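Asker: Sending over a structure as structure tokens; questions will come in a sec.
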Amino acid sequence: MSVHTPIRTRTVRAEAAERTAVRGLFTEPEAAVSGAPVYAPEAVLLLLAAVLLSPRQPKQPSGK
């Protein structure tokens with residue numbers, strides 16, 4: 001035997017300040033600057049200079 005009890009709900013209205021706070025959470029703008037890496041042409045020159053100025057690997061001595 002099941003007993004069914006009706007559920008009563010009550011409508012609660014948000015005040016203006018609460019509606020503004022919720023609206024602000026839903027419409028939050030994106031950050032202007034992200035943490036993603038960006039292309040920097042000067043970094044290419046720095047990398048190229050580091051490769052060209054790095055010491056060469058030693059050659060294997062010829063076996064005599």
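The way I read the labels, and the way they are meant: chains A, B, ... in the order of the structure tokens, residue 1 as the first residue of every chain, and ligand 1 as the first ligand shown, with later ones counted on from there.
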I'd like a table as CSV: residues in range 20-49 of chain A with an atom no more than 10 Å from range 1-16 of chain A, each row giving the shortest atom pair and its distance in Å to one decimal, only C-alpha atoms counted, sorted by chain and rising residue number.

Answerer:
residue,atom,partner,partner_atom,distance
A:Thr20,CA,A:Ala16,CA,6.1
A:Ala21,CA,A:Ala16,CA,8.7
A:Val22,CA,A:Ala14,CA,9.8

Asker: Using DSSP secondary structure from the backbone, list all alpha helix (DSSP H) positions within chain A, as a PyMOL selection string.

Answerer: chain A and resi 16-26+41-53
